[in-house]
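Trainee: Structure file target29.txt, compact mmCIF, C-alpha atoms, is pasted below:
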# COMPACT_ATOMS: atom_id res chain seq x y z
CA MET A 1 -33.23 -17.08 145.62
CA SER A 2 -32.06 -13.62 145.14
CA GLY A 3 -29.28 -14.87 142.96
CA ASN A 4 -31.67 -16.72 140.67
CA GLY A 5 -33.92 -13.69 140.45
CA SER A 6 -31.07 -11.49 139.40
CA HIS A 7 -30.06 -13.87 136.68
CA ALA A 8 -33.57 -14.03 135.25
CA MET A 9 -33.80 -10.28 135.26
CA LYS A 10 -30.63 -10.05 133.12
CA ARG A 11 -32.08 -12.50 130.55
CA TRP A 12 -35.20 -10.36 130.17
CA ILE A 13 -33.14 -7.24 129.77
CA ARG A 14 -31.11 -8.89 126.91
CA ARG A 15 -34.30 -10.01 125.19
CA PHE A 16 -35.74 -6.52 125.46
CA TRP A 17 -32.83 -5.02 123.50
CA ILE A 18 -33.74 -7.23 120.52
CA VAL A 19 -37.24 -5.76 120.29
CA PRO A 20 -36.37 -2.11 119.35
CA PRO A 21 -34.41 -2.98 116.19
CA ILE A 22 -37.24 -5.25 115.09
CA LEU A 23 -39.79 -2.49 115.63
CA ILE A 24 -37.63 0.00 113.75
CA GLY A 25 -37.33 -2.41 110.77
CA VAL A 26 -41.07 -3.00 110.66
CA ALA A 27 -41.69 0.73 110.79
CA ALA A 28 -39.21 1.37 107.98
CA ILE A 29 -40.90 -1.22 105.78
CA ALA A 30 -44.30 0.26 106.47
CA LEU A 31 -43.24 3.84 105.84
CA ALA A 32 -41.05 3.16 102.73
CA PRO A 33 -43.88 3.44 100.16
CA LEU A 34 -44.94 6.73 101.66
CA MET A 35 -41.44 8.14 101.48
CA LYS A 36 -40.74 6.89 97.89
CA SER A 37 -40.41 9.66 95.23
CA GLY A 38 -40.52 9.32 91.37
CA PRO A 39 -37.24 9.00 89.31
CA GLN A 40 -35.69 12.18 88.10
CA LYS A 41 -36.27 12.57 84.36
CA THR A 42 -33.23 13.54 82.18
CA GLU A 43 -33.25 13.98 78.38
CA ALA A 44 -30.26 12.25 76.63
CA PRO A 45 -28.81 14.35 73.72
CA GLU A 46 -29.36 12.92 70.15
CA ARG A 47 -26.19 11.31 68.89
CA ALA A 48 -25.08 12.12 65.32
CA VAL A 49 -23.71 9.28 63.20
CA LYS A 50 -20.42 10.03 61.47
CA VAL A 51 -20.51 9.39 57.72
CA ARG A 52 -18.46 10.34 54.65
CA ALA A 53 -20.30 12.51 52.18
CA MET A 54 -19.78 14.44 48.95
CA THR A 55 -21.64 16.91 46.75
CA ILE A 56 -23.03 15.50 43.51
CA PRO A 57 -21.19 17.13 40.59
CA GLU A 58 -22.39 17.81 37.04
CA LEU A 59 -19.75 16.44 34.66
CA ALA A 60 -18.98 16.00 30.98
CA VAL A 61 -18.69 12.23 31.09
CA THR A 62 -16.48 10.30 28.68
CA PRO A 63 -17.75 6.70 28.76
CA ARG A 64 -14.98 4.12 28.62
CA ALA A 65 -14.80 0.34 28.48
CA ILE A 66 -11.81 -1.92 29.09
CA GLY A 67 -11.19 -5.19 27.28
CA TYR A 68 -8.26 -7.56 26.85
CA GLY A 69 -6.81 -9.47 23.96
CA THR A 70 -3.63 -10.64 22.25
CA VAL A 71 -1.73 -9.03 19.40
CA GLU A 72 -1.93 -10.61 15.95
CA PRO A 73 -0.53 -9.32 12.66
CA ALA A 74 -3.13 -8.14 10.17
CA ARG A 75 -1.28 -10.07 7.45
CA THR A 76 0.85 -13.19 7.65
CA TRP A 77 3.01 -14.87 5.01
CA GLU A 78 3.56 -18.58 4.70
CA ALA A 79 6.31 -19.16 2.13
CA VAL A 80 5.58 -22.46 0.37
CA ALA A 81 7.92 -23.97 -2.23
CA GLU A 82 6.18 -23.80 -5.62
CA VAL A 83 8.98 -25.78 -7.32
CA SER A 84 11.26 -28.56 -6.15
CA GLY A 85 15.02 -28.32 -5.86
CA GLN A 86 18.01 -27.86 -3.63
CA VAL A 87 18.37 -24.60 -1.70
CA VAL A 88 21.53 -22.99 -3.09
CA TRP A 89 21.39 -19.58 -1.33
CA VAL A 90 19.75 -18.06 1.75
CA SER A 91 19.75 -14.45 2.92
CA GLY A 92 21.17 -13.34 6.23
CA GLY A 93 17.69 -12.02 7.03
CA LEU A 94 16.21 -15.52 6.92
CA LYS A 95 16.38 -15.99 10.68
CA ASP A 96 13.70 -15.97 13.36
CA GLY A 97 13.00 -12.42 14.55
CA ARG A 98 14.72 -10.62 11.68
CA MET A 99 12.82 -7.79 9.95
CA VAL A 100 12.87 -7.81 6.16
CA LYS A 101 11.85 -5.07 3.74
CA ALA A 102 9.44 -5.68 0.85
CA GLY A 103 11.23 -6.94 -2.28
CA GLU A 104 14.28 -8.29 -0.42
CA ALA A 105 15.49 -11.68 -1.73
CA LEU A 106 15.45 -14.40 0.91
CA LEU A 107 16.10 -17.75 -0.74
CA HIS A 108 17.19 -19.33 -4.06
CA ILE A 109 16.35 -22.85 -5.24
CA GLU A 110 18.46 -24.62 -7.89
CA ASP A 111 17.05 -23.60 -11.29
CA ALA A 112 19.13 -25.73 -13.72
CA TYR A 113 16.21 -28.01 -14.66
CA TYR A 114 13.93 -25.06 -15.26
CA ARG A 115 16.55 -23.31 -17.39
CA LEU A 116 16.71 -26.43 -19.56
CA ASP A 117 12.93 -26.45 -19.88
CA LEU A 118 13.04 -22.82 -20.89
CA ALA A 119 15.79 -23.45 -23.48
CA GLU A 120 13.84 -26.38 -24.93
CA ALA A 121 10.68 -24.29 -25.24
CA GLU A 122 12.60 -21.49 -26.93
CA ALA A 123 14.21 -23.94 -29.39
CA GLN A 124 10.84 -25.45 -30.28
CA LEU A 125 9.45 -21.95 -30.82
CA GLN A 126 12.31 -21.19 -33.19
CA ALA A 127 11.60 -24.42 -35.08
CA SER A 128 7.96 -23.44 -35.25
CA ASP A 129 8.96 -20.09 -36.74
CA VAL A 130 10.94 -21.89 -39.47
CA LYS A 131 8.05 -24.23 -40.22
CA ASP A 132 5.71 -21.28 -40.38
CA LYS A 133 7.93 -19.37 -42.81
CA SER A 134 8.38 -22.46 -45.01
CA ALA A 135 4.66 -23.16 -45.09
CA ARG A 136 3.86 -19.57 -45.98
CA ALA A 137 6.40 -19.61 -48.84
CA SER A 138 4.99 -22.89 -50.15
CA LEU A 139 1.48 -21.46 -49.93
CA ALA A 140 2.47 -18.45 -52.02
CA ILE A 141 3.96 -20.73 -54.71
CA ALA A 142 0.95 -23.03 -54.61
CA LYS A 143 -1.39 -20.12 -55.11
CA LYS A 144 0.54 -18.98 -58.20
CA GLU A 145 0.56 -22.52 -59.56
CA PHE A 146 -3.16 -22.84 -58.93
CA ALA A 147 -3.78 -19.63 -60.83
CA LEU A 148 -1.94 -21.06 -63.86
CA LEU A 149 -3.77 -24.37 -63.66
CA ARG A 150 -7.13 -22.65 -63.42
CA ALA A 151 -6.31 -20.46 -66.45
CA ASP A 152 -5.22 -23.56 -68.42
CA TYR A 153 -8.44 -25.31 -67.49
CA LYS A 154 -10.57 -22.37 -68.62
CA ARG A 155 -8.67 -22.18 -71.92
CA LYS A 156 -9.08 -25.89 -72.68
CA GLU A 157 -12.72 -25.79 -71.64
CA GLY A 158 -13.23 -23.07 -74.28
CA LEU A 159 -11.39 -25.08 -76.92
CA ALA A 160 -13.46 -28.17 -76.10
CA ALA A 161 -16.61 -26.17 -76.72
CA LYS A 162 -15.32 -25.50 -80.25
CA GLY A 163 -14.30 -29.13 -80.73
CA ALA A 164 -10.60 -28.28 -80.88
CA VAL A 165 -9.63 -30.56 -77.94
CA SER A 166 -11.04 -33.75 -76.53
CA THR A 167 -13.05 -34.10 -73.37
CA THR A 168 -10.23 -36.12 -71.84
CA THR A 169 -7.85 -33.19 -72.20
CA VAL A 170 -10.34 -30.93 -70.38
CA GLU A 171 -10.82 -33.42 -67.55
CA THR A 172 -7.05 -33.77 -67.14
CA ALA A 173 -6.71 -29.98 -66.85
CA LYS A 174 -9.53 -29.86 -64.31
CA ARG A 175 -7.90 -32.64 -62.28
CA LEU A 176 -4.64 -30.71 -62.18
CA MET A 177 -6.48 -27.53 -61.09
CA LEU A 178 -8.26 -29.36 -58.24
CA GLY A 179 -4.93 -30.86 -57.18
CA GLY A 180 -3.47 -27.37 -56.95
CA GLU A 181 -6.45 -26.19 -54.90
CA ASN A 182 -6.04 -29.17 -52.55
CA GLN A 183 -2.37 -28.32 -52.05
CA ILE A 184 -3.33 -24.76 -51.05
CA GLN A 185 -5.81 -26.09 -48.51
CA THR A 186 -3.24 -28.52 -47.13
CA LEU A 187 -0.74 -25.70 -46.63
CA LYS A 188 -3.38 -23.54 -44.94
CA ASN A 189 -4.21 -26.41 -42.56
CA SER A 190 -0.51 -26.82 -41.85
CA LEU A 191 -0.22 -23.13 -40.99
CA ALA A 192 -3.27 -23.31 -38.68
CA LEU A 193 -1.89 -26.40 -36.93
CA ASN A 194 1.49 -24.75 -36.60
CA ALA A 195 -0.17 -21.69 -35.04
CA ALA A 196 -1.94 -23.89 -32.46
CA GLU A 197 1.31 -25.71 -31.67
CA ARG A 198 3.01 -22.36 -31.31
CA LEU A 199 0.48 -21.32 -28.65
CA VAL A 200 1.31 -24.50 -26.73
CA LEU A 201 5.02 -23.75 -27.00
CA ILE A 202 4.46 -20.16 -25.84
CA ALA A 203 2.59 -21.49 -22.79
CA GLN A 204 5.41 -23.96 -22.11
CA LYS A 205 7.93 -21.16 -22.33
CA ALA A 206 5.84 -18.98 -19.97
CA SER A 207 5.59 -21.91 -17.55
CA ALA A 208 9.34 -22.41 -17.67
CA GLU A 209 9.90 -18.69 -17.07
CA LEU A 210 7.43 -18.75 -14.17
CA ASN A 211 9.23 -21.73 -12.62
CA MET A 212 12.47 -19.82 -13.00
CA GLN A 213 10.91 -16.94 -11.07
CA ARG A 214 9.59 -19.32 -8.43
CA THR A 215 13.11 -20.43 -7.60
CA ARG A 216 13.69 -16.91 -6.21
CA ILE A 217 11.66 -16.12 -3.07
CA VAL A 218 11.39 -12.44 -2.10
CA ALA A 219 9.43 -10.68 0.63
CA PRO A 220 6.05 -9.47 -0.71
CA PHE A 221 5.75 -6.81 2.05
CA ASP A 222 7.62 -5.69 5.17
CA VAL A 223 7.76 -8.72 7.50
CA ARG A 224 9.29 -10.11 10.66
CA MET A 225 10.46 -13.73 10.34
CA THR A 226 8.81 -16.06 12.84
CA ASP A 227 9.44 -19.71 11.89
CA VAL A 228 12.26 -20.70 9.51
CA ARG A 229 12.17 -24.39 8.55
CA VAL A 230 14.72 -24.67 5.73
CA GLY A 231 18.40 -23.99 5.38
CA LEU A 232 21.23 -23.94 2.87
CA ALA A 233 21.82 -27.17 0.85
CA GLN A 234 18.51 -28.70 1.98
CA TYR A 235 16.12 -30.08 -0.61
CA ALA A 236 12.79 -28.31 -0.87
CA ASN A 237 9.82 -30.31 -2.11
CA LYS A 238 7.03 -28.66 -4.01
CA GLY A 239 4.34 -27.63 -1.53
CA GLN A 240 6.71 -27.67 1.47
CA LEU A 241 6.39 -24.86 4.04
CA LEU A 242 9.74 -23.08 4.06
CA PHE A 243 9.13 -20.33 6.64
CA THR A 244 6.47 -18.02 8.04
CA ALA A 245 6.54 -14.29 8.66
CA ASP A 246 4.31 -11.59 10.18
CA GLY A 247 3.48 -8.38 8.38
CA LEU A 248 4.73 -5.17 9.98
CA GLU A 249 2.24 -2.79 8.42
CA THR A 250 -0.65 -3.29 10.86
CA ALA A 251 -1.13 -5.08 14.18
CA GLU A 252 -4.59 -6.16 15.32
CA ILE A 253 -6.06 -6.98 18.72
CA LYS A 254 -9.41 -8.69 19.13
CA ALA A 255 -10.59 -7.67 22.60
CA GLN A 256 -13.74 -8.94 24.32
CA PHE A 257 -16.18 -6.46 25.87
CA PRO A 258 -19.39 -7.17 27.81
CA ILE A 259 -22.36 -6.03 25.77
CA GLY A 260 -23.66 -3.86 28.63
CA ASN A 261 -20.39 -1.92 28.77
CA LEU A 262 -20.49 -1.08 25.06
CA ARG A 263 -24.06 0.24 25.04
CA PRO A 264 -23.29 3.56 26.83
CA LEU A 265 -20.27 4.15 24.58
CA ILE A 266 -22.12 3.57 21.32
CA GLY A 267 -25.05 5.64 22.54
CA ALA A 268 -22.72 8.48 23.53
CA VAL A 269 -21.15 8.62 20.07
CA SER A 270 -24.40 9.83 18.54
CA ARG A 271 -25.13 12.48 21.18
CA GLY A 272 -21.66 13.56 22.26
CA GLU A 273 -19.80 16.73 21.48
CA ASP A 274 -18.02 15.07 18.54
CA ALA A 275 -21.17 13.46 17.11
CA GLY A 276 -20.07 14.35 13.58
CA ALA A 277 -17.85 11.27 13.62
CA ALA A 278 -18.87 7.83 12.41
CA ARG A 279 -21.74 6.17 14.23
CA GLY A 280 -21.60 2.93 16.15
CA ALA A 281 -18.51 1.16 17.43
CA LEU A 282 -16.42 2.39 14.49
CA GLY A 283 -16.76 5.93 15.84
CA LEU A 284 -15.10 5.08 19.17
CA ARG A 285 -11.56 6.06 20.09
CA ALA A 286 -9.22 3.21 20.95
CA THR A 287 -6.05 3.02 23.03
CA VAL A 288 -3.88 -0.07 23.49
CA ARG A 289 -1.86 -0.45 26.71
CA LEU A 290 0.89 -2.82 27.78
CA ARG A 291 1.40 -2.95 31.52
CA THR A 292 4.74 -4.19 32.83
CA ALA A 293 6.31 -4.17 36.26
CA THR A 294 8.07 -0.88 35.55
CA HIS A 295 6.33 0.72 32.56
CA LEU A 296 2.95 1.55 31.13
CA VAL A 297 3.18 1.77 27.34
CA GLU A 298 0.35 3.10 25.15
CA TRP A 299 -0.35 2.98 21.43
CA PRO A 300 -3.05 4.98 19.61
CA ALA A 301 -5.35 2.62 17.72
CA ARG A 302 -8.49 2.64 15.60
CA VAL A 303 -11.57 0.43 15.68
CA ASP A 304 -11.39 -1.65 12.51
CA ARG A 305 -14.40 -3.95 12.81
CA VAL A 306 -16.73 -5.77 15.19
CA SER A 307 -17.19 -9.52 15.45
CA GLY A 308 -20.17 -10.98 13.67
CA ALA A 309 -21.31 -13.06 16.66
CA ILE A 310 -21.55 -12.82 20.45
CA ASP A 311 -19.62 -15.26 22.63
CA PRO A 312 -22.34 -17.58 24.02
CA GLN A 313 -20.45 -18.32 27.25
CA THR A 314 -19.39 -14.82 28.31
CA GLN A 315 -22.03 -12.81 26.43
CA SER A 316 -19.28 -10.52 25.22
CA LEU A 317 -18.62 -8.98 21.84
CA GLY A 318 -15.28 -8.99 20.10
CA VAL A 319 -14.03 -5.62 18.86
CA VAL A 320 -10.96 -5.62 16.60
CA VAL A 321 -8.70 -2.58 16.91
CA ALA A 322 -5.75 -1.90 14.62
CA ILE A 323 -2.42 -0.15 15.14
CA ASP A 324 -0.78 1.15 11.96
CA ARG A 325 3.01 0.81 11.55
CA PRO A 326 3.68 -0.26 15.17
CA ALA A 327 7.30 -1.10 14.40
CA GLU A 328 7.99 2.54 13.53
CA MET A 329 6.69 3.63 16.96
CA SER A 330 8.98 1.32 18.94
CA ARG A 331 11.83 2.91 20.92
CA PRO A 332 14.49 0.83 22.72
CA GLY A 333 14.02 0.94 26.47
CA GLU A 334 10.76 2.92 26.25
CA ARG A 335 8.32 1.39 23.79
CA PRO A 336 8.86 -2.27 22.83
CA PRO A 337 7.70 -3.66 19.48
CA LEU A 338 4.30 -5.33 19.46
CA PHE A 339 5.10 -9.01 19.04
CA ARG A 340 2.54 -11.68 18.20
CA ASN A 341 0.60 -13.04 21.23
CA THR A 342 1.44 -10.04 23.46
CA PHE A 343 -1.36 -9.72 26.02
CA VAL A 344 -2.59 -6.11 26.10
CA GLU A 345 -5.38 -3.94 27.46
CA VAL A 346 -7.71 -2.15 25.05
CA GLU A 347 -9.66 0.95 26.09
CA LEU A 348 -12.58 2.19 24.02
CA ALA A 349 -13.91 5.69 24.63
CA SER A 350 -16.60 7.90 23.14
CA GLY A 351 -16.63 11.66 22.98
CA PRO A 352 -17.52 13.64 26.14
CA VAL A 353 -21.23 13.96 26.97
CA GLY A 354 -21.90 17.07 29.06
CA GLY A 355 -24.46 17.83 31.75
CA GLN A 356 -24.44 14.43 33.45
CA THR A 357 -25.35 13.76 37.09
CA VAL A 358 -22.63 11.42 38.37
CA VAL A 359 -22.38 9.54 41.67
CA PRO A 360 -20.00 6.85 42.95
CA ARG A 361 -21.28 3.41 42.10
CA ALA A 362 -20.56 2.25 45.66
CA ALA A 363 -22.93 4.93 47.02
CA LEU A 364 -25.89 3.19 45.38
CA HIS A 365 -27.89 0.80 47.54
CA GLU A 366 -29.66 -1.11 44.79
CA ASP A 367 -31.81 1.73 43.34
CA ARG A 368 -31.54 4.12 46.30
CA LEU A 369 -29.24 6.88 47.46
CA TYR A 370 -28.61 8.14 50.99
CA ILE A 371 -29.10 11.92 50.83
CA VAL A 372 -27.90 14.39 53.46
CA ASP A 373 -30.65 17.01 53.75
CA ALA A 374 -30.31 20.65 54.80
CA GLU A 375 -30.59 19.69 58.50
CA ASN A 376 -27.92 16.98 58.22
CA ARG A 377 -30.51 14.27 58.47
CA LEU A 378 -30.72 11.13 56.35
CA ASP A 379 -33.11 10.98 53.42
CA ILE A 380 -33.40 7.67 51.53
CA ARG A 381 -34.38 8.37 47.96
CA ALA A 382 -35.10 6.17 44.95
CA VAL A 383 -33.14 7.01 41.78
CA VAL A 384 -33.07 5.85 38.15
CA VAL A 385 -29.65 4.94 36.74
CA ASP A 386 -28.97 5.71 33.08
CA PHE A 387 -25.79 3.60 32.97
CA ALA A 388 -22.95 2.52 35.23
CA LEU A 389 -19.36 1.95 34.19
CA GLY A 390 -16.47 1.08 36.46
CA GLY A 391 -16.76 2.97 39.73
CA TYR A 392 -19.32 5.59 38.72
CA ALA A 393 -22.98 5.75 37.72
CA VAL A 394 -24.87 8.34 35.68
CA LEU A 395 -28.34 9.15 37.02
CA LYS A 396 -31.35 9.77 34.85
CA GLU A 397 -33.59 11.02 37.67
CA GLY A 398 -33.99 11.00 41.47
CA ALA A 399 -31.12 13.31 42.42
CA LYS A 400 -29.56 16.45 41.03
CA PRO A 401 -26.18 18.18 41.10
CA GLY A 402 -25.46 20.15 44.25
CA GLU A 403 -27.14 17.68 46.63
CA ARG A 404 -25.01 15.87 49.19
CA ILE A 405 -24.93 12.09 49.33
CA VAL A 406 -23.51 9.58 51.79
CA THR A 407 -20.54 7.70 50.30
CA SER A 408 -19.84 5.41 53.26
CA ASP A 409 -22.02 2.52 54.39
CA PRO A 410 -23.47 3.19 57.87
CA ALA A 411 -24.22 0.21 60.09
CA THR A 412 -27.86 1.25 60.32
CA ALA A 413 -29.70 3.58 57.96
CA VAL A 414 -32.92 5.04 59.36
CA LYS A 415 -34.65 7.83 57.53
CA GLY A 416 -34.43 11.05 59.54
CA MET A 417 -31.41 10.00 61.64
CA LEU A 418 -28.94 12.78 62.49
CA LEU A 419 -25.69 12.68 60.56
CA ALA A 420 -22.24 14.15 61.07
CA PRO A 421 -20.98 14.30 57.45
CA GLN A 422 -17.30 14.54 56.66
CA GLU A 423 -16.18 15.54 53.17
CA ASP A 424 -15.02 12.51 51.15
CA LYS A 425 -12.59 14.22 48.76
CA GLU A 426 -10.73 11.08 47.69
CA THR A 427 -13.83 9.19 46.56
CA LYS A 428 -14.99 12.20 44.59
CA ARG A 429 -11.58 12.66 43.00
CA LEU A 430 -11.39 9.04 41.87
CA MET A 431 -14.94 9.20 40.52
CA VAL A 432 -14.25 12.38 38.53
CA LEU A 433 -11.01 10.90 37.20
CA GLU A 434 -12.74 7.75 35.99
CA ALA A 435 -15.76 9.55 34.55
CA THR A 436 -13.91 12.35 32.74
CA GLY A 437 -10.29 11.23 32.55
CA GLU A 438 -9.19 14.40 34.35
CA ASP A 439 -7.79 14.60 37.87
CA SER A 440 -9.80 17.12 39.90
CA ARG A 441 -6.69 18.06 41.91
CA LYS A 442 -5.11 19.67 38.84
I'd like the structure from this file rewritten - as structure tokens, please.
Mentor:
Amino acid sequence: MSGNGSHAMKRWIRRFWIVPPILIGVAAIALAPLMKSGPQKTEAPERAVKVRAMTIPELAVTPRAIGYGTVEPARTWEAVAEVSGQVVWVSGGLKDGRMVKAGEALLHIEDAYYRLDLAEAEAQLQASDVKDKSARASLAIAKKEFALLRADYKRKEGLAAKGAVSTTTVETAKRLMLGGENQIQTLKNSLALNAAERLVLIAQKASAELNMQRTRIVAPFDVRMTDVRVGLAQYANKGQLLFTADGLETAEIKAQFPIGNLRPLIGAVSRGEDAGAARGALGLRATVRLRTATHLVEWPARVDRVSGAIDPQTQSLGVVVAIDRPAEMSRPGERPPLFRNTFVEVELASGPVGGQTVVPRAALHEDRLYIVDAENRLDIRAVVVDFALGGYAVLKEGAKPGERIVTSDPATAVKGMLLAPQEDKETKRLMVLEATGEDSRK
């Protein structure tokens, strides 16, 4: 019995040890709200956003526009055979690519037939001269004879009035006088007809001489041969194309420019520092460039004319620029000659226009600029763009020189946000170079 009692006592003691932890847990749960304290408040520092920025400069802008086109000669020559015959001589310059001076003989066509025509016309003219001299001599004799016949008629007419001669004698004298007058008229008609025939013979002789000249083909101006289609001993038919050549005096390039790009240039011509020049597109300066893998070659050019119509597909306007005597400017290894169909770049530029507020085109967000204010905070401001060309834009209003603008594109742009601006020298340099043509590092 005592053993069972002892065992039961031990079970109660084990159960009792479970109760204190439970009571402690209940007490902790009950007292936790009373012991709870509020969170400690800490102010996080405002974080500045790093951006690239630059100061807006005031520049003398030189508006430029770039177009592209191919080189064409201002004048071309298509040598067409004006007479038929065998080619009996060709010049050494009659080869593709050769340059020929004005007046240089290039080709001769057989002229034997035309020399015969000329000799025949000259012989007929000589015969006409003989006929003319003979007719004039006969006319002089006929006039003297007519004078005698008329005097005889007058004398017999007077005698008939006195009854000394018969009427028949008077009529015979009158008939002889009229015959002499008719002979004079016949000789005069012969002279007139001979004069008309002589004009025909003179024209035939001139035609024969012209055909003789046409058998000799010479260069009418300085040219470069491009397409030779005839050679020695070949027969040339009248109207056949013998060869073609390009003039060397002037090269032309018709380059296409968007209408919007030309407007600032033409407007700047009238208000720029060199506004005394011609107005409109003809007052623009032009430069032609050929870009190769190793060289950049430039030619000074002039604006010659503007196309009469706008391209309906591209809404661009063709401007024709001319380069005078390009062959004389070529230098082996440095400046190649301007051949036909060479693809080149054409730059048009106006005179400089001072006092312009210029910003990078990439810094514009539609019609707004991100401004860095005096406290390095972001100000979003609306601006009015006068014109934009290439990588820069000229402002009409909304910002002024000396203010700082954001040139990078922040992930979020909230007005008033703190900025950490870093000077963007490269963007500014490229903008100044494009707007003025001068490198700001110099």
Trainee: Smallest atom-to-atom distance to Glu328 of chain A: which of A:Asn376, A:Thr250, A:Asn182, A:Thr292, using all atoms listed in the file?
Mentor: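 Closest residue, counting all atoms listed in the file: A:Thr250.
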Trainee: What is the atom CA of Glu110 of chain A-atom CA of Glu122 of chain A distance in Å, reported with one decimal?
Mentor: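 Here the two named atoms are 20.2 Å from each other.
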Trainee: Within 10 Å of Gly231 of chain A, counting all atoms listed in the file, which residues qualify if same-chain residues fewer than 5 places away don't, as a list in words?
Mentor: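 Counting only the stated atoms, we get Gln86, Val87, Val88, Trp89, Val90, Ser91, Leu94, Lys95, Leu107, Ala236 and Leu242 of chain A.
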Trainee: Please produce an output containing C-alpha atoms for each residue in the selection, written as a PDB file, keeping the file's coordinate frame.
Mentor:
ATOM      1  CA  GLN A  86      18.010 -27.860  -3.630  1.00  0.00           C
ATOM      2  CA  VAL A  87      18.370 -24.600  -1.700  1.00  0.00           C
ATOM      3  CA  VAL A  88      21.530 -22.990  -3.090  1.00  0.00           C
ATOM      4  CA  TRP A  89      21.390 -19.580  -1.330  1.00  0.00           C
ATOM      5  CA  VAL A  90      19.750 -18.060   1.750  1.00  0.00           C
ATOM      6  CA  SER A  91      19.750 -14.450   2.920  1.00  0.00           C
ATOM      7  CA  LEU A  94      16.210 -15.520   6.920  1.00  0.00           C
ATOM      8  CA  LYS A  95      16.380 -15.990  10.680  1.00  0.00           C
ATOM      9  CA  LEU A 107      16.100 -17.750  -0.740  1.00  0.00           C
ATOM     10  CA  ALA A 236      12.790 -28.310  -0.870  1.00  0.00           C
ATOM     11  CA  LEU A 242       9.740 -23.080   4.060  1.00  0.00           C
TER      12      LEU A 242
END
Trainee: Return the single residue from A:Thr357, A:Ala363, A:Val432, A:Ala374 that is closest to Ser408 of chain A, with distances computed using all atoms listed in the file.
Mentor: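 Among the listed residues, A:Ala363 lies closest to Ser408 of chain A.
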Trainee: The residues within 12 Å of (-9.3, -31.6, -68.3), using all atoms listed in the file and the coordinates of the file, should be reported as JSON, numbers by chain; which are they?
Mentor: {"A": [149, 150, 151, 152, 153, 154, 155, 156, 157, 158, 159, 160, 165, 166, 167, 168, 169, 170, 171, 172, 173, 174, 175, 176, 177, 178, 179]}
Trainee: Which residues of segment 349-407 of chain A sit at most 6 Å from segment 57-67 of chain A, using only C-alpha atoms? Give each one's shortest atom pair and distance in Å (one decimal place), in chain and ascending residue order, as CSV.
Mentor:
residue,atom,partner,partner_atom,distance
A:Ala349,CA,A:Arg64,CA,4.4
A:Ser350,CA,A:Pro63,CA,5.9
A:Gly351,CA,A:Thr62,CA,5.9
A:Pro352,CA,A:Thr62,CA,4.3
A:Val353,CA,A:Ala60,CA,5.0
A:Gly354,CA,A:Ala60,CA,3.7
A:Gly355,CA,A:Glu58,CA,5.7
A:Gln356,CA,A:Leu59,CA,5.2
A:Thr357,CA,A:Glu58,CA,5.0
A:Pro401,CA,A:Pro57,CA,5.1
Trainee: Show me, as a list in words, the residues that have an atom within 12 Å of Gly390 of chain A when counting all atoms listed in the file, minus same-chain residues fewer than 4 positions from it.
Mentor: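 Listed by chain and then number, they are Pro63, Arg64, Ala65, Ile66, Gly260, Asn261, Val359, Pro360, Arg361, Ala362, Val394, Leu430, Met431, Val432, Leu433, Glu434 and Ala435 of chain A.
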Trainee: Produce a file of the selected residues containing C-alpha atoms, as a short mmCIF file (atom, residue, chain, number, x, y, z; two decimals), in the frame of the given file.
Mentor:
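Result file follows (out_11.cif):
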data_model
loop_
_atom_site.label_atom_id
_atom_site.label_comp_id
_atom_site.auth_asym_id
_atom_site.auth_seq_id
_atom_site.Cartn_x
_atom_site.Cartn_y
_atom_site.Cartn_z
CA PRO A 63 -17.75 6.70 28.76
CA ARG A 64 -14.98 4.12 28.62
CA ALA A 65 -14.80 0.34 28.48
CA ILE A 66 -11.81 -1.92 29.09
CA GLY A 260 -23.66 -3.86 28.63
CA ASN A 261 -20.39 -1.92 28.77
CA VAL A 359 -22.38 9.54 41.67
CA PRO A 360 -20.00 6.85 42.95
CA ARG A 361 -21.28 3.41 42.10
CA ALA A 362 -20.56 2.25 45.66
CA VAL A 394 -24.87 8.34 35.68
CA LEU A 430 -11.39 9.04 41.87
CA MET A 431 -14.94 9.20 40.52
CA VAL A 432 -14.25 12.38 38.53
CA LEU A 433 -11.01 10.90 37.20
CA GLU A 434 -12.74 7.75 35.99
CA ALA A 435 -15.76 9.55 34.55
#
Trainee: Please build the interface table for segment 64-153 of chain A against segment 312-326 of chain A with a cut-off of 10 Å, listing for each qualifying residue the nearest atom pair and the distance in Å to one decimal; count all atoms listed in the file, order rows by chain and increasing number, and write it as JSON lines.
Mentor:
{"residue": "A:Gly67", "atom": "CA", "partner": "A:Val319", "partner_atom": "CA", "distance": 8.9}
{"residue": "A:Tyr68", "atom": "CA", "partner": "A:Gly318", "partner_atom": "CA", "distance": 9.8}
{"residue": "A:Gly69", "atom": "CA", "partner": "A:Val320", "partner_atom": "CA", "distance": 9.3}
{"residue": "A:Val71", "atom": "CA", "partner": "A:Ala322", "partner_atom": "CA", "distance": 9.5}
{"residue": "A:Glu72", "atom": "CA", "partner": "A:Ala322", "partner_atom": "CA", "distance": 9.6}
{"residue": "A:Pro73", "atom": "CA", "partner": "A:Ala322", "partner_atom": "CA", "distance": 9.3}
{"residue": "A:Ala74", "atom": "CA", "partner": "A:Ala322", "partner_atom": "CA", "distance": 8.1}
Trainee: Kindly indicate which residue among A:Asp311, A:Ile259, A:Ala301, A:Pro410 lies nearest to Leu389 of chain A, using all atoms listed in the file for the distances.
Mentor: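 Smallest separation from Leu389 of chain A among the options: A:Ile259.
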Trainee: If you measure from atom CA of Thr226 of chain A to atom CA of Arg75 of chain A, what distance in Å do you get, rounded to one decimal?
Mentor: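 Interatomic distance here is 12.9 Å.
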